[in-house]
>>> print(open('data17.txt').read())   # compact mmCIF, C-alpha atoms
# COMPACT_ATOMS: atom_id res chain seq x y z
CA MET A 1 21.70 22.59 -22.66
CA LEU A 2 22.42 24.48 -19.47
CA ASN A 3 24.39 27.70 -19.73
CA PRO A 4 26.67 29.04 -17.00
CA PRO A 5 26.26 29.19 -14.07
CA LEU A 6 23.70 26.32 -14.21
CA SER A 7 26.00 24.23 -16.39
CA LEU A 8 28.53 24.25 -13.56
CA LEU A 9 26.17 22.53 -11.10
CA SER A 10 27.31 19.15 -9.80
CA ASP A 11 25.09 16.07 -10.06
CA ASP A 12 24.64 16.13 -6.29
CA LEU A 13 23.32 19.68 -6.41
CA ILE A 14 20.99 18.91 -9.33
CA ALA A 15 19.66 15.92 -7.41
CA TYR A 16 19.14 18.16 -4.37
CA ILE A 17 17.15 20.68 -6.45
CA VAL A 18 14.96 17.97 -7.97
CA GLU A 19 14.35 16.42 -4.54
CA HIS A 20 12.95 19.72 -3.26
CA VAL A 21 10.83 20.27 -6.38
CA ALA A 22 9.33 16.81 -5.78
CA LYS A 23 8.14 17.97 -2.35
CA LEU A 24 6.28 21.03 -3.69
CA PRO A 25 2.50 21.15 -4.30
CA PHE A 26 1.60 20.00 -7.83
CA HIS A 27 4.99 18.32 -7.94
CA ASP A 28 4.07 16.12 -10.93
CA LYS A 29 3.57 19.12 -13.21
CA ASN A 30 6.68 20.83 -11.85
CA LEU A 31 8.79 17.73 -12.39
CA TYR A 32 7.53 17.28 -15.95
CA ASN A 33 8.39 20.91 -16.76
CA LEU A 34 11.79 20.69 -15.12
CA SER A 35 12.65 17.46 -16.92
CA LEU A 36 11.97 19.20 -20.25
CA ALA A 37 13.85 22.36 -19.32
CA ASP A 38 17.22 20.70 -19.80
CA ARG A 39 18.48 17.17 -20.23
CA ALA A 40 20.67 17.61 -17.17
CA PHE A 41 17.49 17.39 -15.07
CA THR A 42 15.71 14.64 -17.04
CA GLN A 43 17.17 11.53 -15.45
CA PHE A 44 16.84 12.92 -11.92
CA CYS A 45 13.23 13.96 -12.51
CA GLN A 46 12.31 10.58 -13.96
CA THR A 47 13.26 8.94 -10.66
CA TYR A 48 10.26 10.72 -9.11
CA ILE A 49 7.98 10.85 -12.17
CA PHE A 50 8.02 7.07 -12.57
CA ARG A 51 8.12 6.25 -8.86
CA THR A 52 4.36 5.55 -8.84
CA LEU A 53 2.51 3.61 -11.52
CA GLN A 54 -1.28 3.40 -11.60
CA LEU A 55 -2.83 0.34 -13.22
CA GLY A 56 -6.53 0.19 -14.07
CA GLN A 57 -8.99 3.06 -14.19
CA SER A 58 -11.73 4.30 -11.90
CA ARG A 59 -13.81 5.11 -14.96
CA GLY A 60 -13.94 3.61 -18.40
CA THR A 61 -15.00 0.47 -20.20
CA LYS A 62 -13.20 -2.84 -20.08
CA SER A 63 -11.90 -2.17 -23.59
CA ARG A 64 -10.51 1.23 -22.61
CA ILE A 65 -8.83 -0.14 -19.50
CA SER A 66 -7.28 -2.95 -21.56
CA LYS A 67 -5.92 -0.46 -24.11
CA ASN A 68 -4.34 1.66 -21.38
CA LEU A 69 -2.76 -1.42 -19.83
CA GLU A 70 -1.33 -2.43 -23.20
CA LYS A 71 0.07 1.08 -23.69
CA THR A 72 1.75 0.87 -20.29
CA ARG A 73 3.15 -2.59 -21.03
CA LYS A 74 4.71 -1.42 -24.31
CA ILE A 75 6.34 1.58 -22.64
CA LEU A 76 7.84 -0.55 -19.87
CA LYS A 77 8.99 -3.20 -22.34
CA ASN A 78 10.66 -0.67 -24.66
CA LYS A 79 12.14 1.32 -21.77
CA PRO A 80 13.17 -1.13 -19.03
CA SER A 81 14.82 1.76 -17.16
CA PHE A 82 11.33 3.19 -16.47
CA ALA A 83 10.25 -0.08 -14.85
CA ASN A 84 13.38 -0.01 -12.69
CA ARG A 85 12.29 3.33 -11.23
CA VAL A 86 8.79 2.25 -10.17
CA ARG A 87 8.64 1.79 -6.41
CA MET A 88 4.88 1.88 -5.86
CA VAL A 89 2.00 0.32 -7.81
CA GLU A 90 -1.56 1.62 -7.46
CA LEU A 91 -4.38 -0.73 -8.49
CA ASP A 92 -7.46 1.32 -9.35
CA ILE A 93 -10.31 -1.20 -9.51
CA THR A 94 -13.48 0.69 -8.67
CA HIS A 95 -15.59 -1.51 -10.94
CA LYS A 96 -17.31 -4.31 -9.02
CA ARG A 97 -16.89 -6.63 -11.99
CA ASN A 98 -13.11 -6.77 -11.83
CA ALA A 99 -12.10 -10.45 -11.72
CA TRP A 100 -11.16 -10.24 -15.41
CA LEU A 101 -8.46 -7.68 -14.57
CA PHE A 102 -6.50 -10.18 -12.47
CA ASN A 103 -6.74 -12.71 -15.30
CA ASP A 104 -5.81 -10.15 -17.95
CA PRO A 105 -2.64 -11.30 -19.79
CA THR A 106 -1.51 -7.69 -20.22
CA LEU A 107 -1.60 -6.99 -16.46
CA ILE A 108 0.20 -10.30 -15.84
CA GLY A 109 2.75 -9.27 -18.47
CA ILE A 110 3.37 -5.95 -16.69
CA LEU A 111 3.96 -7.75 -13.39
CA GLN A 112 6.37 -10.11 -15.15
CA LEU A 113 8.33 -7.12 -16.48
CA PHE A 114 8.64 -5.77 -12.94
CA ALA A 115 9.82 -9.19 -11.77
CA LYS A 116 12.83 -8.83 -14.10
CA SER A 117 13.80 -5.48 -12.58
CA PRO A 118 16.90 -5.53 -10.35
CA VAL A 119 14.82 -3.61 -7.79
CA PRO A 120 11.09 -4.50 -8.20
CA PRO A 121 8.37 -2.31 -6.61
CA HIS A 122 7.91 -2.83 -2.87
CA GLU A 123 4.74 -0.81 -2.23
CA LEU A 124 1.16 -1.64 -3.30
CA HIS A 125 -1.96 0.50 -2.95
CA PHE A 126 -5.50 -0.73 -3.63
CA LEU A 127 -7.63 2.33 -4.40
CA PRO A 128 -11.44 2.30 -3.82
CA PHE A 129 -12.36 -1.28 -4.62
CA THR A 130 -14.63 -4.28 -4.15
CA LEU A 131 -12.86 -7.55 -4.95
CA GLU A 132 -15.13 -9.72 -7.08
CA ASP A 133 -12.95 -12.80 -6.61
CA PRO A 134 -10.72 -12.40 -3.52
CA ILE A 135 -9.38 -15.98 -3.80
CA LEU A 136 -8.09 -15.16 -7.29
CA VAL A 137 -6.46 -11.94 -6.06
CA VAL A 138 -4.63 -13.76 -3.25
CA GLY A 139 -3.47 -16.39 -5.73
CA ARG A 140 -2.15 -13.77 -8.16
CA LEU A 141 -0.18 -12.01 -5.43
CA MET A 142 1.28 -15.30 -4.25
CA GLN A 143 2.51 -15.96 -7.80
CA SER A 144 3.87 -12.45 -8.35
CA PHE A 145 7.15 -10.82 -7.30
CA PHE A 146 5.17 -8.97 -4.60
CA SER A 147 5.26 -12.14 -2.50
CA GLN A 148 9.01 -11.52 -2.07
CA THR A 149 9.29 -7.72 -2.22
CA LEU A 150 6.16 -6.14 -0.72
CA THR A 151 6.87 -4.16 2.46
CA ILE A 152 4.09 -1.52 2.33
CA LEU A 153 0.39 -2.21 1.72
CA HIS A 154 -2.39 0.40 1.67
CA LEU A 155 -6.05 -0.62 1.36
CA THR A 156 -8.51 2.26 0.92
CA GLN A 157 -12.31 2.08 0.79
CA GLY A 158 -12.33 -1.64 0.10
CA ARG A 159 -14.90 -4.38 0.38
CA ASN A 160 -14.50 -8.12 0.32
CA VAL A 161 -10.91 -7.92 1.59
CA PRO A 162 -9.51 -11.41 2.27
CA LEU A 163 -7.52 -12.05 5.44
CA PRO A 164 -5.03 -14.36 3.62
CA LEU A 165 -3.88 -11.28 1.70
CA PHE A 166 -1.42 -10.57 4.52
CA LEU A 167 0.05 -14.07 4.43
CA THR A 168 1.08 -13.64 0.79
CA CYS A 169 3.80 -11.15 1.75
CA PRO A 170 6.09 -12.28 4.60
CA ARG A 171 8.23 -9.11 4.31
CA LEU A 172 5.27 -6.81 4.90
CA ARG A 173 6.15 -4.14 7.46
CA GLU A 174 3.67 -1.29 7.02
CA VAL A 175 -0.12 -1.52 6.60
CA LEU A 176 -2.74 1.21 6.24
CA LEU A 177 -6.45 0.32 6.36
CA ALA A 178 -9.07 2.98 5.67
CA HIS A 179 -12.76 2.04 5.42
CA VAL A 180 -12.29 -1.62 4.50
CA GLU A 181 -14.47 -4.66 5.18
CA VAL A 182 -13.61 -8.35 5.35
CA ALA A 183 -14.49 -10.89 2.70
CA GLU A 184 -16.13 -13.39 5.09
CA GLU A 185 -15.97 -14.97 8.52
CA SER A 186 -15.02 -18.61 7.93
CA TYR A 187 -12.76 -18.78 4.83
CA ASP A 188 -13.76 -22.44 4.39
CA LYS A 189 -13.68 -22.10 0.60
CA TYR A 190 -10.09 -20.85 0.53
CA PRO A 191 -7.31 -23.30 -0.44
CA ASP A 192 -5.14 -24.60 2.39
CA LYS A 193 -2.03 -23.00 0.90
CA GLN A 194 -3.62 -19.56 1.29
CA CYS A 195 -4.50 -20.02 4.96
CA SER A 196 -1.65 -22.03 6.49
CA GLY A 197 1.96 -23.05 6.12
CA ARG A 198 3.13 -19.52 5.33
CA GLU A 199 5.38 -17.14 7.24
CA SER A 200 3.48 -14.42 9.13
CA PRO A 201 4.67 -10.85 8.45
CA ALA A 202 5.91 -8.86 11.47
CA LEU A 203 4.31 -5.42 11.22
CA GLU A 204 6.25 -2.35 12.33
CA VAL A 205 3.81 0.40 11.30
CA PHE A 206 0.00 0.04 11.44
CA ASN A 207 -2.59 2.72 10.68
CA TYR A 208 -6.31 1.93 10.67
CA ARG A 209 -9.68 3.66 10.77
CA ASP A 210 -13.20 2.42 10.21
CA SER A 211 -11.89 -1.08 9.45
CA GLN A 212 -12.84 -2.91 12.62
CA SER A 213 -14.08 -6.14 11.02
CA LEU A 214 -10.72 -6.77 9.35
CA VAL A 215 -8.62 -5.62 12.33
CA ARG A 216 -10.51 -8.00 14.64
CA GLN A 217 -9.65 -10.90 12.33
CA MET A 218 -6.02 -9.79 12.19
CA ILE A 219 -5.93 -9.90 16.00
CA THR A 220 -7.85 -13.18 16.35
CA PRO A 221 -8.00 -15.12 13.06
CA PRO A 222 -10.88 -17.55 12.41
CA PRO A 223 -10.28 -21.26 13.22
CA ARG A 224 -9.42 -21.87 9.55
CA PHE A 225 -6.05 -20.28 10.29
CA HIS A 226 -3.71 -22.32 12.50
CA ALA A 227 -1.18 -19.53 13.04
CA PRO A 228 -1.25 -15.71 13.39
CA VAL A 229 -1.93 -13.83 10.18
CA VAL A 230 0.36 -10.99 11.30
CA LEU A 231 2.80 -10.66 14.18
CA TRP A 232 2.42 -7.65 16.47
CA SER A 233 5.49 -8.22 18.62
CA LYS A 234 7.66 -5.84 16.55
CA LEU A 235 5.12 -3.03 16.09
CA ARG A 236 6.72 0.41 16.60
CA VAL A 237 4.12 2.89 15.31
CA LEU A 238 0.33 2.70 15.72
CA THR A 239 -2.26 5.22 14.48
CA LEU A 240 -6.04 5.24 14.98
CA SER A 241 -8.96 7.57 15.80
CA PRO A 242 -10.08 8.07 19.43
CA TYR A 243 -13.54 9.04 18.21
CA GLU A 244 -14.62 5.57 17.15
CA LYS A 245 -15.56 3.11 19.89
CA GLU A 246 -15.23 -0.04 17.80
CA GLU A 247 -11.76 0.99 16.68
CA MET A 248 -10.72 1.71 20.24
CA ALA A 249 -11.94 -1.75 21.27
CA CYS A 250 -9.21 -3.20 19.02
CA LEU A 251 -6.50 -1.05 20.57
CA GLN A 252 -5.80 -2.82 23.87
CA PRO A 253 -5.17 -6.29 22.38
CA ILE A 254 -2.65 -4.74 19.97
CA LEU A 255 -0.99 -2.81 22.80
CA ASP A 256 -0.69 -6.00 24.83
CA MET A 257 1.06 -7.82 21.99
CA ALA A 258 3.34 -4.86 21.17
CA CYS A 259 4.06 -3.82 24.76
CA ASN A 260 7.83 -4.30 24.43
CA THR A 261 8.32 -2.53 21.08
CA LEU A 262 5.67 0.19 20.57
CA GLU A 263 7.38 3.58 20.46
CA GLU A 264 4.75 5.87 18.94
CA LEU A 265 0.96 5.99 19.37
CA TYR A 266 -0.98 8.55 17.33
CA LEU A 267 -4.63 9.42 17.94
CA THR A 268 -5.87 11.26 14.87
CA ASN A 269 -8.70 13.75 14.46
CA LEU A 270 -10.09 11.87 11.47
CA HIS A 271 -13.32 10.16 12.45
CA VAL A 272 -16.71 8.89 11.32
CA GLY A 273 -19.94 9.99 13.01
CA ASP A 274 -20.24 12.04 16.21
CA ASP A 275 -17.50 14.38 17.41
CA GLU A 276 -17.40 12.93 20.93
CA ARG A 277 -13.87 11.91 21.86
CA LEU A 278 -13.80 8.65 23.80
CA PRO A 279 -12.07 8.66 27.21
CA LEU A 280 -8.70 7.04 26.56
CA ALA A 281 -7.95 6.34 30.22
CA GLY A 282 -11.10 4.26 30.62
CA LEU A 283 -10.47 2.14 27.52
CA VAL A 284 -6.77 1.30 27.45
CA ASN A 285 -3.82 0.69 29.75
CA LEU A 286 -0.55 2.32 28.67
CA SER A 287 1.46 1.47 31.77
CA ASP A 288 3.06 -1.67 30.29
CA LEU A 289 4.43 0.06 27.17
CA SER A 290 8.09 0.21 28.15
CA GLN A 291 9.29 1.81 24.88
CA LEU A 292 6.50 4.37 24.40
CA GLN A 293 7.89 7.87 23.94
CA VAL A 294 5.97 10.79 25.46
CA ARG A 295 6.46 14.07 23.59
>>> encode(input="data17.txt", output="C-alpha cells")
Amino acid sequence: MLNPPLSLLSDDLIAYIVEHVAKLPFHDKNLYNLSLADRAFTQFCQTYIFRTLQLGQSRGTKSRISKNLEKTRKILKNKPSFANRVRMVELDITHKRNAWLFNDPTLIGILQLFAKSPVPPHELHFLPFTLEDPILVVGRLMQSFFSQTLTILHLTQGRNVPLPLFLTCPRLREVLLAHVEVAEESYDKYPDKQCSGRESPALEVFNYRDSQSLVRQMITPPPRFHAPVVLWSKLRVLTLSPYEKEEMACLQPILDMACNTLEELYLTNLHVGDDERLPLAGLVNLSDLSQLQVR
C-alpha cells in the first residue's frame, strides 16, 4: 500500500497522474507497471488498459485465433467490469479467408457480453483486411449492439468494403478511410434491408486518403440505394491529401454539401506517388464555406 505522502493523495489527483501516464510513449507498459505498483492506482489504470480490445490476429492459424478468442471471452465473462471499460474494438482480420470469424460462436458471444454492458463500446477499427463475405459482415453489424452505439469507424488498408456498412450505424459521426477499396459497383446481390429503409448517419468528422472508389460511392451511391448512404450537411472537420488528384476530385462535392457547417479543412502531407502538390485554387471553391475558420 502507499506510504505517506503518496497515501494522502486524493482520488482526483491519482486520476490526474494516471491520465498523464496514459499520454506518454509506451503508455501500455507504463500503465501496467503503475497498476501493479499499488492498488490505489489499479482501478484508474484499468480504465485505460482495457479501453481498447483487439479481436482476431494478424498471424496465426484458425485454431490459435479461436483459442485466443475463447480466452478473451472467459476473461470478460468472469470480470464484467473489464467489458464495461472497453470503448474501442479492433478487428484484426488480415487473413483473406475470414468469413468463419464472423460466424464464430465465440466472437458472437463476446459481442453479446458487450451488449449487456451499461456503456457498450462505441468505436470500431478494422485493421488491414479483405472481407471474404461483406454481406455477412454487414448482417452481423446490423444484429450487434454496434448498430445502436457506433459513433466512430476506422477502416485501414481494406478491400471489398461494402457501402451498406455505413447504413448499419445511424449514430455514426466520425469516419476514417485509409487505403480502402469498394466491394462492387452494383450491390444487386445485397438484401433490400441492407440497402434501403435505414436512417443515414450524419457525419461530423471525415478523414480519407487513397480511398477514392469508396468515397465516390458515398457521395453518389449506385442506383440500388434510394437514399443517401451518409449525410454531409453536418460535417465540421474534413481531412485529405492535396497530393492526390483523384482524392481532390472528391473534395468539391463534399464542400458543396457541407458549405453551411464545415469549420475545419486539413490538407495533410501524407500522400501516395509523386511529391507534386496540386493547385488548390484551381480545383476547389472555398468562397461558399460560411463557417470555415482560417488560422
>>> atom_distance(input="data17.txt", atom1="atom CA of Val215 of chain A", atom2="atom CA of Val138 of chain A")
18.0 Å
>>> closest_residue(input="data17.txt", among="A:Leu177, A:Ala227, A:Val18, A:Ile135", to="Ser213 of chain A", atoms="only C-alpha atoms")
A:Leu177
>>> atom_distance(input="data17.txt", atom1="atom CA of Leu111 of chain A", atom2="atom CA of Glu204 of chain A")
26.4 Å
>>> residues_around(input="data17.txt", residues="segment 83-88 of chain A", least_positions_apart="4", cutoff="7 Å", atoms="all atoms listed in the file", output="tab-separated table (two decimals) with C-alpha atoms, in the frame of the given file")
chain	number	residue	atom	x	y	z
A	47	THR	CA	13.26	8.94	-10.66
A	50	PHE	CA	8.02	7.07	-12.57
A	51	ARG	CA	8.12	6.25	-8.86
A	52	THR	CA	4.36	5.55	-8.84
A	53	LEU	CA	2.51	3.61	-11.52
A	76	LEU	CA	7.84	-0.55	-19.87
A	114	PHE	CA	8.64	-5.77	-12.94
A	117	SER	CA	13.80	-5.48	-12.58
A	118	PRO	CA	16.90	-5.53	-10.35
A	119	VAL	CA	14.82	-3.61	-7.79
A	120	PRO	CA	11.09	-4.50	-8.20
A	121	PRO	CA	8.37	-2.31	-6.61
A	122	HIS	CA	7.91	-2.83	-2.87
A	123	GLU	CA	4.74	-0.81	-2.23
A	124	LEU	CA	1.16	-1.64	-3.30
>>> residues_around(input="data17.txt", residues="Thr106 of chain A", least_positions_apart="4", cutoff="12 Å", atoms="only C-alpha atoms", output="ChimeraX atom specification")
/A:55-56,65-74,76-77,100-102,110-113
>>> atom_distance(input="data17.txt", atom1="atom CA of Leu286 of chain A", atom2="atom CA of Met218 of chain A")
21.2 Å
>>> residues_around(input="data17.txt", residues="segment 179-182 of chain A", least_positions_apart="5", cutoff="8 Å", atoms="all atoms listed in the file", output="list in words")
Leu155, Thr156, Gln157, Gly158, Arg159, Asn160, Val161, Pro162, Leu163, Arg209, Asp210, Ser211, Gln212, Ser213 and Leu214 of chain A
>>> residues_around(input="data17.txt", residues="Leu231 of chain A", least_positions_apart="5", cutoff="9 Å", atoms="all atoms listed in the file", output="CSV table (one decimal) with C-alpha atoms, keeping the file's coordinate frame")
chain,number,residue,atom,x,y,z
A,200,SER,CA,3.5,-14.4,9.1
A,201,PRO,CA,4.7,-10.8,8.4
A,202,ALA,CA,5.9,-8.9,11.5
A,203,LEU,CA,4.3,-5.4,11.2
A,219,ILE,CA,-5.9,-9.9,16.0
A,257,MET,CA,1.1,-7.8,22.0
>>> residues_around(input="data17.txt", residues="Glu185 of chain A", least_positions_apart="3", cutoff="9 Å", atoms="only C-alpha atoms", output="JSON, numbers by chain")
{"A": [182, 188, 217, 222]}
>>> closest_residue(input="data17.txt", among="A:Leu167, A:Ile75, A:Leu153, A:Ala99", to="Val137 of chain A", atoms="all atoms listed in the file")
A:Ala99
>>> closest_residue(input="data17.txt", among="A:Ser63, A:Tyr48, A:Ser287, A:Ala258", to="Lys29 of chain A", atoms="all atoms listed in the file")
A:Tyr48
>>> residues_near_point(input="data17.txt", point="(2.6, -3.8, 21.2)", cutoff="12 Å", atoms="only C-alpha atoms", output="PyMOL selection string")
chain A and resi 202-206+219+231-238+251-265+285-292
>>> closest_residue(input="data17.txt", among="A:Asp28, A:Glu19, A:His154, A:Leu9", to="Pro128 of chain A", atoms="all atoms listed in the file")
A:His154
>>> closest_residue(input="data17.txt", among="A:Cys45, A:Ala178, A:Thr168, A:Thr61", to="His27 of chain A", atoms="all atoms listed in the file")
A:Cys45
>>> residues_near_point(input="data17.txt", point="(-7.2, -21.3, 10.6)", cutoff="9 Å", atoms="all atoms listed in the file", output="PyMOL selection string")
chain A and resi 186-187+195-196+221-228
>>> closest_residue(input="data17.txt", among="A:Asp11, A:Asp92, A:Asp104, A:Glu132", to="Gln54 of chain A", atoms="all atoms listed in the file")
A:Asp92
